[in-house]
Every structure is written in structure tokens, then in C-alpha cells.
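Report on one structure; see the data block that follows.
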Amino acid sequence: MAKLIMTADDSASVRQMVAFTLKQNGYDVVEAVDGRDALNKLNAQKVDMLLTDLNMPNMDGIGLIKGVRAGALNKFIPIVMLTTESNDTKKGEGKAAGATGWIVKPFKPEQLIAVIKKVLG
Amino acid sequence: MVFQISTQSENINKLTSWRDLISPAIETLRRMAGKTEDEFLQIGSQLQSFYQRSADISGAANQLVSVVSGENVVKLTSRLQQMMLDMEAYLANARARSSESCNTLEQVQSLLDKLSEPMQGFQKMNKTLRMLSISTKIESSRLGELGSGFVNLAMDVEKLSHQVNEKSAAILDHRQLLATLITDNLALVRATETKQDVTVSATLKDTSANLTELVAVNDRCKEFGNTVSIVSAEVTNSISEVVSSMQMHDMTRQQLEHVVEALERLSGELVDSKISAADDDSLRRIIIEAGDVCELQDAQLHFAAGELYTAVNIIVDNLREVAKKQSVIEQETMTVTGSADSSGSSFVDVMSQGMTAVTAVLTSCAKADQNMTVTMKKVAQTIDEIAGFVTDIEAIGSEIDLIALNSQVKAALTGTEGAALGVLAEAIKRLSDEAVRQTNSVAEILTGIHAVTEHMLADSENEDNQLGNSISSMQDELVVILRNMGEMNEGMHSVLSALNEKVLSLTKDVEQATSGVDVHERTKAMADGVLDSLKQVVAESRQIEPASTEFKVNLRHMEERYTMESERHIHEALARKRSGQSAIAIQDVAKSSSDDSEYGDNVDLF
């Protein structure tokens, strides 16, 4: 059975590219348009992994990670930030919040897939 | 200082004019950031379709090649090679048999020629018998009453003479029939051999060439898998480039938002300063800041617009490259499978024609064999008929012998008067001996012919059965092979045709999609308009107040908003320039990287 991965990003074109890359590699994808949308969906649905942007309206990536880690259904899933942000301080915040990894955009599909394979074991 | 010679009101008016330049620029940048999303989404949808279709084409090419290089084709090649050897052996055997048959027929012909002598003997005997019959009649007439019994004898002799004449004529007719049959058959066999030699030579040559081609196709097919893998990797690389470049829209949008934020803040300060610029220092500070902010945003916008322009070009180029690569696969597929030459036919077509020719040659050989067997049977049958006539003549000879004996007895009873009849009776007796001698000669010749033809006939019948079975088996197998090849050819043409349509359709759609992409040109034009405004503000502000060395300090608040490394690098480069440090090219610092993790410079796993 294919693994289910959520992509949370306020950019429709980025969600489209992430979904395209994941589906081409045999993953199922669920999309969220911002942190709040993602958290609502994650409270109702079990996924295998979360890919999230940092800067999003309503709830940013750090808030989303904290919300997921505080929840029950997806508490232990790998969470990888997928963002234009490359600042080390921000990375530190992400790590502290419970992020598993950090990918700075633009990503190459093969990089994303390699990271997913690594964190999903 | 320029500032000193300018009046405060003129400078305040400048601030107003800058605000009037910046406000529409902000609106333009907002439109740029929001308007392009749908176009990128559309390109993204097409990318997914193109990728799927590209994968389908590679899959179809692989499927086609696997058909041509599959187990069936390997078996077919092997079987055809064996059949060629069998056919060569068969043809050599057929040629040897044909040669032997011709020799036999020539021997029969030669033996038939030897019949001439005994046949002439029969004619002579016939003539003599008729003369003896006449003489007997004359002599018996002269003797009157005494010779009356000889008249019947003379009539019997005459009757036997007619019979000998009839039988020998029948033998001569049959001999002529055989001679004609043999001559015709030899001519036919020689003509067939000549024709077969030409056909077989050409067919074997063509079939051999096509088998070589089939083997070459198999070899090429083995290499083709690598070609498809390489092309697929290149397509994947192109798609990867497109996916990376597609993200530039989001990045540019964020950069534009940062530029807009900076310009909005400046615009607000320009409005406030018009009211509150009571002293020269405040006015001077806002003029310097306007120059610094606009110079920095000019650099940021220039970089962002350039990145977007480059990204869209990369997207277009790579999508076209995907279509081009599939064209390469299609062409390579046609070359590899040998499916297209100048006439549009495939090697399978040519091989099918070759196999049809082979079938024709085998059929011709079988027919020639059957003809020869029929001829041999006909020879044997005719010889049997001749032998029957000879037996009849032999029986006639016995009857003549009895007549001669009877004549001698009667002549002795007649006494001296019948002496002449006794002489005639002796002559008749000699003729019966001659008849026996001649029939023995003919029988000897016929026995010779019979022996030769019987040997050939026995061989022919045996070999006919074997070769007939062999040819029938070969022909049956060739029919199956031809049918398989036909199906394979049909399937190959069908897949190739579909492949061609897919590639043409993909190429057309990619061209149509990419030729309609002008988002980069439009955004560049919009960005150029904004850049002109920013440059104008920079030029005018610097004319009033030169750039400050406190650039970085003054614009520290901006650094906090940056999310991208490129933004920070551009900021840093300008700051260094303003503070008199060694300059670093903006493009270079924007693209520099320091990390080199396992998954790439931009990946960190915690």
C-alpha cells in the first residue's frame, strides 16, 4: 500500500510540483493550503509524513509542527520543512519544534525523494 | 553640496514625485506576484501530461523492441538457420537424384537404340516368311494333289508373318514413345535445374542476408535498452529541471513581496516626511534612505525578475527537450527494429518474400521429383508392354517351328516330288531359330532396361515418400513461420504507427504549450518599468545626497524580512560596496553555497 504524504504550502504551484514528484514515485498525496488547514486535516487523518512550508498565512510551519507533535494521531510522523528560508536560526527553531529535516527551495525531485526514503526508512 | 544649493521646498517636492513613482511601481509588483500563479499552474498540469506521455512512449518503444528481440524471434532465427541448412541438403540431394535419374534415362535411351538390330531381324524374318509362304504356295500348286496339304501350311506361315509384323510394329511404336518421353523429360529436368539454380542461389543469398539482419536486429535490440535508459534519464533530468524551475515562481513571489514591503515602508516615510521634514537633517536622512532603499530593491528586483526569466526559459527548453528526446527514441526504435527503410518496408517484409520464394523452390523440386517418378513408372510400364510383344513373337517363333517340322514330315511323305518343299520347310525351321535368337536379343535388352528402371523406381518411390514428407513438413513449417512473421510485422507496424502518432502529438502539444508561454516576457516588461522608476529615484536622490557608508545600519530592518539566501547576499554585496569594502558581484554571492550535505547543499536532516 502506498505511503500517504501531506504537503502543506500556501503556493498552489509548489503543492502541484510536490504532489507531481511524489505521485510519480508511488506515494499518495494530501494537500493543505496553510498550517491551519494542515492541522485540521492531520487531526482527522493518519498520514505517513508531512512536508510543510515555513511561511504560510493563518498558521506558519513552526506552529504546525508544534500542533502535530502535541496531537495524537500523527504525533510521531517525520516532518520535513520545505521552504525558501535558509537562515540557521530558523532551522534551529524548526528543529526545536520537532522537525525531522529541512529542505531549502528550490528542491530537485530526486533530492526530495531521497530524503523521503531516508526518513520513512 | 548639491543639497546646500537646493531649497527645502524643492526637495520636499522631490519626495512627492518619488512617492508618485513608487506607488504605481508597488501596484505593478503586486500584480506581478499574483497574476502569474495561474499560468504556472497551467504549465504544471501540462508538465504532468507530457511526463506521462513521455513515459508511455518509452514504454511502447521498449515493448516493441522486446517483441522484436523476444524469445519467439530467437527461436525463429534459429529455426530458419536450421531450415536453410536442411534446404541446402535437400537441394543437393535433389540435384544428385536428378543427375542419377538423367543417367538412367540416358542408359535406357542407349539400350532402346540397341533394339534396332533385333527389330530389323524381325522385319527381315517377316519378309522371308512371306516369300516362303508364296514359294510354298507355288510349289504345292505344281505338285497338284500331292501338295494340297502345303497350301494350309503356307497360309499359316503367312498369318504368322502378319502377326510378327504387327508385334514388331507395336514394339517400334512403344520404343518411339519411350524415346520421346525420355527426351522430353531430360529437357524438362535440365531446364528446371537451370531455373532452380538461379532461384535457389538468389533465395539462399537473400534469406541468408535477412537472417543476418535478424541477428543484427537482436543485437541492436540488446543495446537499445541502454539507449532508452539513457534517454529516460535525460528526460527525468529535464523534468527535474522543470520541477526546480517551477518553484522559482513561488520564490520570486516572496522576493517581490519583500520588495513591495520595503517600498511601501519607504512610500509611507515619504508621505510623513513631506509633513514633518522641518529640519535639514531629517530631510537629508529621508533622501539618503530613499536612494538606499531604491538601490537595494532595484538589485533585489533585478535579480528576482532575472531568476524568473531564466526559470521560464529553462522550463520551455526542457519541455521541448522532452519532446525531442521522444523523437530520438522513436527514430531509434525504427532503426533498431529495422522497421523502416527507404521504401517504408521492414526486414520482416523482405524475409517474408524470401520465405515465399523458398516455398516456391521447394514446390518446384517436389514437382520435378514427382515428374521423374512418373516417367520412371511410364518407362517400366512401356518396357513391360514391349516384353509382352516379345513374348508373343517368341510364341509365334514356336508355332513357326512346329509348322517347319510339320512341313518337313509332309515333304518326306511326298517323296522325291516333295524335295523342294523339304528345302522350304528347312528354311522355315531356320527362321524359327532366327526368331528365337532375335527375341532373346530383345529380351536381353529389355531385361537390362528393366533392371535399371526397377532400381530407380524402387529408390524413387522410397525417396519420394521421404522427401515428400520432408518437403511437406518444411512447407507446413514455413507457412507457420510466415504467419508468425506476418503477425509480428503487423503488430510492429501497428505499435510503430501508434508510437509515431504519440511522438507527433507530444511534439505538437509541447510546441503549442511552450510557444504560448510569455509570462517571463510580460513580467520582465513589468519589472523593467518598475526598475526604471527605482533607478530614477536612486539617480535623483544621489544627485541631492550621495550614498551613505551607513547603508547596512540604515537598512538593518530589511535583513530581518529576508527568507532567501540570495536576498541576504545581495544585501550584503551592496552593503560592502557602500562601506568601501572589496566588492562582490551580486550574482556570485547570490549563488554561493557553503554546505555540502549527503542529499545536497540545500538539505539538512536533524
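If you're wondering about the labels, chains in the C-alpha cells are A, B, ... by order shown, residues count from 1 in each chain, ligands from 1 in order shown.
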Using only C-alpha atoms, which chain A residues lie at most 10 Å away from chain B, written as JSON, numbers by chain? {"A": [10, 11, 12, 13, 14, 15, 16, 17, 18, 20, 21, 24, 54, 55, 80, 81, 82, 83, 84, 85, 86, 87, 90, 91, 92, 94, 95, 96, 98, 99, 100, 101, 102, 103, 104, 105, 106, 107, 108, 109, 110, 111, 112, 113, 114, 115, 118, 119]}
Would you save the residues from that selection as an mmCIF file, in the first residue's frame, using C-alpha atoms?
```cif
data_model
loop_
_atom_site.group_PDB
_atom_site.id
_atom_site.type_symbol
_atom_site.label_atom_id
_atom_site.label_comp_id
_atom_site.auth_asym_id
_atom_site.auth_seq_id
_atom_site.Cartn_x
_atom_site.Cartn_y
_atom_site.Cartn_z
ATOM 1 C CA ASP A 10 0.270 28.321 0.509
ATOM 2 C CA SER A 11 1.651 28.263 -3.055
ATOM 3 C CA ALA A 12 -0.580 26.187 -5.326
ATOM 4 C CA SER A 13 2.228 25.752 -7.863
ATOM 5 C CA VAL A 14 4.606 24.399 -5.206
ATOM 6 C CA ARG A 15 1.941 21.980 -3.933
ATOM 7 C CA GLN A 16 1.401 20.925 -7.532
ATOM 8 C CA MET A 17 5.124 20.213 -8.086
ATOM 9 C CA VAL A 18 5.487 18.380 -4.763
ATOM 10 C CA PHE A 20 3.648 15.554 -9.040
ATOM 11 C CA THR A 21 7.031 14.421 -7.736
ATOM 12 C CA GLN A 24 5.497 9.820 -9.897
ATOM 13 C CA LEU A 54 7.558 27.702 6.815
ATOM 14 C CA ASN A 55 5.907 30.984 5.915
ATOM 15 C CA VAL A 80 10.350 17.937 6.804
ATOM 16 C CA MET A 81 10.303 21.678 6.231
ATOM 17 C CA LEU A 82 10.248 22.651 2.564
ATOM 18 C CA THR A 83 10.913 26.363 2.469
ATOM 19 C CA THR A 84 12.810 29.212 0.891
ATOM 20 C CA GLU A 85 14.110 30.044 4.353
ATOM 21 C CA SER A 86 17.765 29.165 4.794
ATOM 22 C CA ASN A 87 18.501 31.025 7.985
ATOM 23 C CA LYS A 90 15.040 29.496 11.745
ATOM 24 C CA LYS A 91 16.355 25.986 11.155
ATOM 25 C CA GLY A 92 17.139 25.808 14.847
ATOM 26 C CA GLY A 94 12.264 24.172 13.343
ATOM 27 C CA LYS A 95 14.444 21.513 14.867
ATOM 28 C CA ALA A 96 13.413 22.581 18.361
ATOM 29 C CA GLY A 98 10.234 18.814 16.201
ATOM 30 C CA ALA A 99 11.156 18.984 12.515
ATOM 31 C CA THR A 100 12.944 15.920 11.134
ATOM 32 C CA GLY A 101 14.636 17.712 8.286
ATOM 33 C CA TRP A 102 14.909 20.938 6.349
ATOM 34 C CA ILE A 103 14.972 21.373 2.588
ATOM 35 C CA VAL A 104 15.567 24.788 1.089
ATOM 36 C CA LYS A 105 13.666 25.553 -2.139
ATOM 37 C CA PRO A 106 14.175 25.072 -4.953
ATOM 38 C CA PHE A 107 14.461 21.343 -4.452
ATOM 39 C CA LYS A 108 15.226 18.759 -7.103
ATOM 40 C CA PRO A 109 12.739 15.879 -7.264
ATOM 41 C CA GLU A 110 15.471 13.303 -6.680
ATOM 42 C CA GLN A 111 16.601 15.149 -3.533
ATOM 43 C CA LEU A 112 13.089 15.194 -2.142
ATOM 44 C CA ILE A 113 12.575 11.506 -2.871
ATOM 45 C CA ALA A 114 15.960 10.589 -1.352
ATOM 46 C CA VAL A 115 15.083 12.455 1.846
ATOM 47 C CA LYS A 118 15.577 8.111 4.258
ATOM 48 C CA VAL A 119 13.118 9.396 6.855
#
```
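Here atom CA of A:Glu93 and atom CA of A:Ile77 stand 18.1 Å from one another.
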Neighbours of B:Ala299 within 9 Å (only C-alpha atoms; same-chain residues fewer than 2 positions away dropped), as JSON, numbers by chain? {"B": [294, 295, 296, 297, 301, 302, 303, 304, 531, 570, 571, 574, 586]}
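For B:Met131, the non-local neighbours within 10 Å, defined as residues at least 6 positions apart in the same chain or in other chains and counting only C-alpha atoms, are Met125, Lys137, Ala154, Val157, Glu158 and Ser161 of chain B.
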